[in-house]
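Chemist: So that you have it, the file is target.txt, and it contains compact mmCIF, C-alpha atoms:
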```
# COMPACT_ATOMS: atom_id res chain seq x y z
CA GLY J 1 -8.98 28.65 11.04
CA GLU J 2 -6.87 27.47 8.18
CA GLN J 3 -4.59 24.59 8.92
CA SER J 4 -0.88 25.18 8.52
CA TRP J 5 1.12 23.32 5.89
CA ASP J 6 2.97 21.57 8.72
CA GLU J 7 -0.37 20.17 9.92
CA THR J 8 -1.44 19.22 6.40
CA ILE J 9 1.80 17.28 5.86
CA GLN J 10 1.32 15.63 9.25
CA GLN J 11 -2.21 14.58 8.31
CA TRP J 12 -1.34 13.15 4.89
CA MET J 13 2.18 11.84 5.35
CA LEU J 14 2.34 10.83 9.02
CA PRO J 15 -1.23 10.08 10.08
CA ALA J 16 -1.74 8.92 13.64
CA GLY J 17 -2.83 5.39 12.83
CA ASP J 18 -3.49 2.57 15.24
CA ASP J 19 -0.47 0.61 16.42
CA SER J 20 -1.04 -2.19 13.91
CA GLU J 21 -0.10 0.20 11.11
CA PRO J 22 3.11 2.06 11.85
CA PRO J 23 3.73 5.22 9.83
CA THR J 24 5.34 4.63 6.44
CA LEU J 25 7.57 7.70 6.88
CA CYS J 26 9.64 9.14 9.73
CA ALA J 27 9.47 12.72 8.41
CA ALA J 28 8.30 14.81 5.47
CA ALA J 29 8.74 18.34 4.18
CA LEU J 30 7.63 20.67 1.41
CA ALA J 31 9.68 23.23 -0.53
CA GLN J 32 9.30 25.39 -3.60
CA THR J 33 11.16 24.10 -6.65
CA ALA J 34 12.48 27.64 -7.26
CA ASP J 35 14.80 27.56 -4.24
CA GLY J 36 14.56 24.10 -2.66
CA ALA J 37 14.11 25.63 0.80
CA PHE J 38 11.67 23.79 3.05
CA TYR J 39 8.79 25.91 4.37
CA ALA J 40 6.84 23.16 6.14
CA ALA J 41 7.80 19.91 7.86
CA ALA J 42 6.39 17.09 10.00
CA PRO J 43 6.22 15.44 12.54
CA THR J 44 4.94 18.68 14.02
CA GLU J 45 5.41 17.57 17.64
CA SER J 46 8.45 19.34 19.14
CA GLU J 47 9.38 20.30 15.56
CA GLN J 48 10.80 16.80 15.02
CA GLY J 49 10.26 17.15 11.28
CA TRP J 50 12.50 20.20 11.09
CA ALA J 51 15.17 18.43 13.16
CA LEU J 52 15.20 15.49 10.72
CA MET J 53 14.80 17.42 7.48
CA PHE J 54 16.78 20.62 7.97
CA LYS J 55 20.28 21.67 8.91
CA ASP J 56 21.87 25.10 8.57
CA ASP J 57 24.76 25.43 6.13
CA HIS J 58 27.52 23.04 7.16
CA GLU J 59 31.07 22.30 6.07
CA GLU J 60 31.71 18.86 4.64
CA THR J 61 34.65 17.09 3.09
CA VAL J 62 33.76 15.87 -0.38
CA LEU J 63 35.65 13.81 -2.92
CA LYS J 64 36.43 15.57 -6.16
CA ASP J 65 36.43 13.79 -9.51
CA ASP J 66 40.21 13.48 -9.38
CA GLY J 67 40.00 11.61 -6.07
CA THR J 68 41.29 14.43 -3.88
CA GLU J 69 39.30 15.81 -0.98
CA GLU J 70 37.92 19.29 -0.75
CA LYS J 71 36.13 21.16 2.03
CA VAL J 72 32.89 22.76 0.89
CA THR J 73 30.02 24.56 2.56
CA ILE J 74 26.81 22.67 1.91
CA ASN J 75 23.62 24.68 1.54
CA GLU J 76 21.02 21.91 1.65
CA ALA J 77 18.29 23.90 -0.12
CA SER J 78 20.52 24.45 -3.14
CA THR J 79 21.21 20.70 -3.40
CA LEU J 80 17.45 20.02 -3.45
CA LYS J 81 17.00 22.79 -6.02
CA GLU J 82 19.58 21.01 -8.21
CA VAL J 83 17.53 17.81 -7.89
CA CYS J 84 14.44 19.78 -8.97
CA GLU J 85 16.30 20.87 -12.10
CA MET J 86 17.64 17.42 -13.05
CA PRO J 87 16.58 16.49 -16.58
CA SER J 88 17.81 12.93 -16.02
CA MET J 89 19.98 10.80 -13.74
CA ASP J 90 22.99 11.85 -15.85
CA VAL J 91 22.90 15.31 -14.30
CA ARG J 92 23.11 15.09 -10.53
CA PRO J 93 23.90 17.65 -7.83
CA LYS J 94 27.63 18.33 -7.75
CA TYR J 95 28.00 17.50 -4.05
CA GLY J 96 25.05 15.12 -3.79
CA LEU J 97 21.70 15.68 -2.12
CA TRP J 98 21.89 16.76 1.52
CA ILE J 99 18.90 16.67 3.87
CA GLY J 100 19.08 17.09 7.63
CA GLY J 101 22.87 16.99 7.65
CA LYS J 102 23.03 13.69 5.77
CA LYS J 103 24.11 12.90 2.23
CA PHE J 104 21.73 10.92 0.06
CA THR J 105 22.85 9.14 -3.09
CA LEU J 106 20.24 9.33 -5.84
CA THR J 107 19.31 5.82 -6.96
CA GLN J 108 16.37 6.23 -9.33
CA MET J 109 14.24 8.71 -11.20
CA LYS J 110 10.94 7.87 -12.86
CA GLN J 111 7.74 9.39 -14.18
CA VAL J 112 4.60 8.34 -12.32
CA SER J 113 1.15 8.92 -13.80
CA CYS J 114 -1.56 10.31 -11.57
CA THR J 115 -4.52 8.01 -10.95
CA GLU J 116 -6.82 10.75 -12.22
CA GLY J 117 -6.17 13.06 -15.14
CA ASP J 118 -3.22 12.90 -17.48
CA GLN J 119 -0.62 14.58 -15.34
CA GLU J 120 2.66 13.01 -14.31
CA MET J 121 4.93 13.47 -11.34
CA THR J 122 8.67 12.98 -11.34
CA VAL J 123 9.70 10.68 -8.49
CA ILE J 124 13.35 10.60 -7.42
CA VAL J 125 14.70 8.24 -4.76
CA GLY J 126 17.75 8.78 -2.58
CA ALA J 127 19.50 6.48 -0.12
CA CYS J 128 21.78 7.18 2.84
CA LYS J 129 24.26 4.71 4.28
CA ASP J 130 22.49 4.78 7.68
CA LYS J 131 19.52 2.99 6.02
CA THR J 132 17.32 6.05 5.74
CA GLY J 133 15.98 7.04 2.36
CA VAL J 134 14.05 9.83 0.71
CA VAL J 135 11.26 9.83 -1.85
CA ILE J 136 11.14 13.13 -3.72
CA VAL J 137 8.04 14.06 -5.69
CA ARG J 138 8.64 16.94 -8.05
CA LEU J 139 5.61 19.00 -9.05
CA THR J 140 5.46 22.16 -11.16
CA THR J 141 6.15 24.67 -8.38
CA GLN J 142 6.54 22.48 -5.28
CA VAL J 143 8.75 19.62 -4.26
CA LEU J 144 7.69 17.12 -1.64
CA VAL J 145 10.16 14.97 0.29
CA GLY J 146 9.22 11.94 2.37
CA MET J 147 11.90 10.36 4.55
CA PHE J 148 11.75 6.73 5.64
CA ASP J 149 13.90 4.70 8.00
CA GLU J 150 14.52 1.02 7.30
CA ASN J 151 15.77 0.66 10.88
CA LYS J 152 12.14 1.31 11.91
CA GLY J 153 10.79 -1.21 9.42
CA GLN J 154 9.79 1.47 6.93
CA LYS J 155 10.07 0.43 3.28
CA LEU J 156 10.66 2.30 0.05
CA GLY J 157 7.48 0.96 -1.59
CA ASN J 158 5.13 2.16 1.15
CA ALA J 159 7.01 5.44 1.50
CA THR J 160 6.62 6.03 -2.24
CA THR J 161 2.87 5.35 -2.11
CA THR J 162 2.38 7.77 0.78
CA THR J 163 4.44 10.49 -0.87
CA THR J 164 2.90 10.19 -4.34
CA THR J 165 -0.64 10.13 -2.88
CA PHE J 166 0.00 13.50 -1.22
CA GLY J 167 1.64 14.66 -4.45
CA GLU J 168 -1.58 13.91 -6.33
CA TYR J 169 -3.55 15.85 -3.72
CA LEU J 170 -1.26 18.85 -4.27
CA ILE J 171 -1.63 18.55 -8.06
CA GLY J 172 -5.39 18.58 -7.50
CA LEU J 173 -4.97 21.87 -5.65
CA GLY J 174 -3.12 23.31 -8.64
CA TYR J 175 0.49 22.91 -7.53
```
Can you turn what I pasted into structure tokens?
Modeler:
Amino acid sequence: GEQSWDETIQQWMLPAGDDSEPPTLCAAALAQTADGAFYAAAPTESEQGWALMFKDDHEETVLKDDGTEEKVTINEASTLKEVCEMPSMDVRPKYGLWIGGKKFTLTQMKQVSCTEGDQEMTVIVGACKDKTGVVIVRLTTQVLVGMFDENKGQKLGNATTTTTTFGEYLIGLGY
């Protein structure tokens, strides 16, 4: 039978390695750039990936430009969609990027060339104050998000390598 996308993400992003090599990510998920809504996530066990990467619409207090606070309903998919549409770091999501109930501040955006062929991926990095971070790889129709946790010894560099490697695989499939 055909393997589910959850299983494919598990295999590429969170492989069961030996204990000497801990995973470079704590979770990963895939969405379409058109809506930013995740349709697959890992770890697959007990749906841990979904727990880390997804939260239903939630109310948050955000700071407005004038310094006053405002209560808004956050739809996480729409914040990721805004990231998918960013032409540059000058245009960021109005309320920030939200994944799994947490706000991530976007820290960098760069073009990364594929090792084969002449295609490029847009890689965007976000950081949360609890020392977790996200590496977002934007493809033509799909967006891939890898989450890493510095509290578990996971580092941005390794997380980026893992995420962009899977991104190249997806480009090879025509995404």
Chemist: Please tell me which residues are no farther than 12 Å from (2.0, 17.4, 18.8) in the file, counting only C-alpha atoms, and write them as an NGL selection string.
Modeler: :J and (6-7 or 10-11 or 14-16 or 42-49)
Chemist: What would the file look like if the residues just selected were written as an mmCIF file, keeping the file's coordinate frame with C-alpha atoms?
Modeler:
```
data_model
loop_
_atom_site.group_PDB
_atom_site.id
_atom_site.type_symbol
_atom_site.label_atom_id
_atom_site.label_comp_id
_atom_site.auth_asym_id
_atom_site.auth_seq_id
_atom_site.Cartn_x
_atom_site.Cartn_y
_atom_site.Cartn_z
ATOM 1 C CA ASP J 6 2.970 21.570 8.720
ATOM 2 C CA GLU J 7 -0.370 20.170 9.920
ATOM 3 C CA GLN J 10 1.320 15.630 9.250
ATOM 4 C CA GLN J 11 -2.210 14.580 8.310
ATOM 5 C CA LEU J 14 2.340 10.830 9.020
ATOM 6 C CA PRO J 15 -1.230 10.080 10.080
ATOM 7 C CA ALA J 16 -1.740 8.920 13.640
ATOM 8 C CA ALA J 42 6.390 17.090 10.000
ATOM 9 C CA PRO J 43 6.220 15.440 12.540
ATOM 10 C CA THR J 44 4.940 18.680 14.020
ATOM 11 C CA GLU J 45 5.410 17.570 17.640
ATOM 12 C CA SER J 46 8.450 19.340 19.140
ATOM 13 C CA GLU J 47 9.380 20.300 15.560
ATOM 14 C CA GLN J 48 10.800 16.800 15.020
ATOM 15 C CA GLY J 49 10.260 17.150 11.280
#
```
Chemist: Quick one: pull the distance between atom CA of Val143 of chain J and atom CA of Phe38 of chain J, Å, one decimal.
Modeler: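 Atom CA of Phe38 of chain J lies 8.9 Å from atom CA of Val143 of chain J.
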Chemist: Which distance in Å separates atom CA of Met13 of chain J and atom CA of Asp149 of chain J, to one decimal?
Modeler: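 Computed distance, atom CA of Met13 of chain J to atom CA of Asp149 of chain J, equals 14.0 Å.
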Chemist: Using only the atoms of segment 5-8 of chain J listed in the file, plus 8 Å on each side, state the axis-aligned box centre and edge lengths in Å rounded to one decimal, as JSON.
Modeler:
```
{"center_x": 0.8, "center_y": 21.3, "center_z": 7.9, "size_x": 20.4, "size_y": 20.1, "size_z": 20.0}
```
Chemist: Excluding Asp118 of chain J and its own-chain neighbours fewer than 5 positions away, which residues fall within 12 Å of it when counting only C-alpha atoms? Please give them as a PyMOL selection string.
Modeler: chain J and resi 111-113+168+171-172
Chemist: Please write as a ChimeraX atom specification the list of polymer residues whose atoms come within 8 Å of (6.6, 16.6, -4.2), counting all atoms listed in the file and keeping to the coordinates of the file.
Modeler: /J:30,121,123,136-139,142-145,163-164,166-167
Chemist: Under the rule that only C-alpha atoms are counted, which of J:Val134, J:Leu156, J:Leu97, J:Leu63 is the nearest residue to Gly36 of chain J?
Modeler: J:Leu97
Chemist: Neighbouring residues of Ser88 of chain J were defined as those with any atom within 10 Å, considering all atoms listed in the file; residues of the same chain fewer than 4 positions away were excluded. Please report them as an MDAnalysis selection string.
Modeler: chainID J and resid 83 92 108:110 124
Chemist: For Thr105 of chain J, please output as a PyMOL selection string all residues within 8 Å (counting all atoms listed in the file; exclusion window: fewer than 5 positions along the same chain).
Modeler: chain J and resi 96-97+126-128
Chemist: Just C-alpha atoms for this one: save the residues we selected as a tab-separated table (two decimals), in the frame of the given file.
Modeler:
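Below you can see selection_15.tsv, which holds the result:
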```tsv
chain	number	residue	atom	x	y	z
J	96	GLY	CA	25.05	15.12	-3.79
J	97	LEU	CA	21.70	15.68	-2.12
J	126	GLY	CA	17.75	8.78	-2.58
J	127	ALA	CA	19.50	6.48	-0.12
J	128	CYS	CA	21.78	7.18	2.84
```
